[in-house]
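Chemist: Here you go, one structure.
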Amino acid sequence: LNTKSGGETQTPFYIAVLASFAQLYRVNDTSSFGNTVRLVVFDEAFNKMDGDRITESVRLLRKMGLQAIICTPPDKVSDIMPIADRTLLVNKEKYRMHILSFGKEMTS
């Protein structure tokens, strides 16, 4: 582990987590029992991964039929935004929080 980058050590973790959720949500079950929301929530997601590994992880997530809410550090927004269906910004000012649409045109 000491010879690998942070992203290389995170990749197997995310694959295992996604496989666990796919099993839990019975992704291949076509009966009404397997008909669930299939939601996965990641906080501080992909913080040690490069853009290519992030893209592949999100592709795997979609291939497994999972939906995700991904909270990410600011430096990873540019990697995730092009492959996300929707991007929101949570802005905290003193004791108030605002959730704003954050589109690709706003980052230019």
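Identifiers in this document derive from the order of the structure tokens: chains are assigned A, B, ..., residues are numbered from 1 separately in each chain, and ligands are numbered from 1 in order of occurrence.
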Taking the chain letters and numbering used in this document, name the residues of chain A that DSSP puts in strand (DSSP E), as a PyMOL selection string.
Modeler: chain A and resi 39-42+67-70+88-93+96-101
Chemist: Excluding same-chain residues fewer than 5 positions from stretch 22-31 of chain A, what lies within 7 Å of it counting only C-alpha atoms, as a PyMOL selection string?
Modeler: chain A and resi 36+38+64-65
Chemist: How far is it from atom CA of A:Asp52 to atom CA of A:Asp79, in Å with one decimal?
Modeler: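 Between atom CA of A:Asp52 and atom CA of A:Asp79 the gap works out to 8.4 Å.
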Chemist: Which polymer residues have any atom within 12 Å of an atom of A:Ser57, counting only C-alpha atoms, with same-chain residues fewer than 2 positions away left out, as a PDB file with C-alpha atoms, in the first residue's frame?
Modeler:
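Result file follows (selection-v1.pdb):
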ATOM      1  CA  GLY A   7      -6.282   7.081  -5.977  1.00  0.00           C
ATOM      2  CA  GLN A  10      -9.243   4.209  -3.171  1.00  0.00           C
ATOM      3  CA  THR A  11     -10.310   2.478  -6.396  1.00  0.00           C
ATOM      4  CA  PRO A  12     -10.768  -1.033  -4.909  1.00  0.00           C
ATOM      5  CA  PHE A  13     -12.686   0.504  -2.001  1.00  0.00           C
ATOM      6  CA  TYR A  14     -15.199   2.200  -4.302  1.00  0.00           C
ATOM      7  CA  ILE A  15     -15.615  -0.935  -6.429  1.00  0.00           C
ATOM      8  CA  ALA A  16     -16.328  -2.977  -3.296  1.00  0.00           C
ATOM      9  CA  VAL A  17     -18.793  -0.385  -1.980  1.00  0.00           C
ATOM     10  CA  LEU A  18     -20.662  -0.216  -5.309  1.00  0.00           C
ATOM     11  CA  ALA A  19     -20.788  -4.012  -5.554  1.00  0.00           C
ATOM     12  CA  ALA A  45     -16.026  11.430  -2.640  1.00  0.00           C
ATOM     13  CA  PHE A  46     -13.018  10.608  -4.774  1.00  0.00           C
ATOM     14  CA  MET A  49      -8.498  10.069  -7.297  1.00  0.00           C
ATOM     15  CA  ASP A  50      -7.557  11.659 -10.605  1.00  0.00           C
ATOM     16  CA  GLY A  51     -10.154  12.625 -13.223  1.00  0.00           C
ATOM     17  CA  ASP A  52      -9.860   9.364 -15.196  1.00  0.00           C
ATOM     18  CA  ARG A  53     -10.474   7.199 -12.119  1.00  0.00           C
ATOM     19  CA  ILE A  54     -13.405   9.390 -11.082  1.00  0.00           C
ATOM     20  CA  THR A  55     -14.980   9.059 -14.543  1.00  0.00           C
ATOM     21  CA  ARG A  59     -19.495   4.919 -15.201  1.00  0.00           C
ATOM     22  CA  LEU A  60     -19.450   1.773 -13.044  1.00  0.00           C
ATOM     23  CA  LEU A  61     -22.025   3.320 -10.725  1.00  0.00           C
ATOM     24  CA  ARG A  62     -24.326   4.014 -13.700  1.00  0.00           C
ATOM     25  CA  LYS A  63     -23.713   0.579 -15.235  1.00  0.00           C
ATOM     26  CA  MET A  64     -24.866  -1.004 -11.968  1.00  0.00           C
ATOM     27  CA  LEU A  66     -27.357   3.003  -9.010  1.00  0.00           C
ATOM     28  CA  ALA A  68     -25.838   8.766  -6.337  1.00  0.00           C
ATOM     29  CA  ILE A  70     -21.934  12.847  -4.370  1.00  0.00           C
ATOM     30  CA  ASP A  79     -13.832  16.363 -12.668  1.00  0.00           C
ATOM     31  CA  ILE A  80     -17.333  15.340 -11.594  1.00  0.00           C
ATOM     32  CA  ILE A  83     -20.434  13.522 -15.946  1.00  0.00           C
TER      33      ILE A  83
END
Chemist: Just asking: which residues within stretch 32-86 of chain A are alpha helix (DSSP H) according to DSSP, as a PyMOL selection string?
Modeler: chain A and resi 51-63+77-80
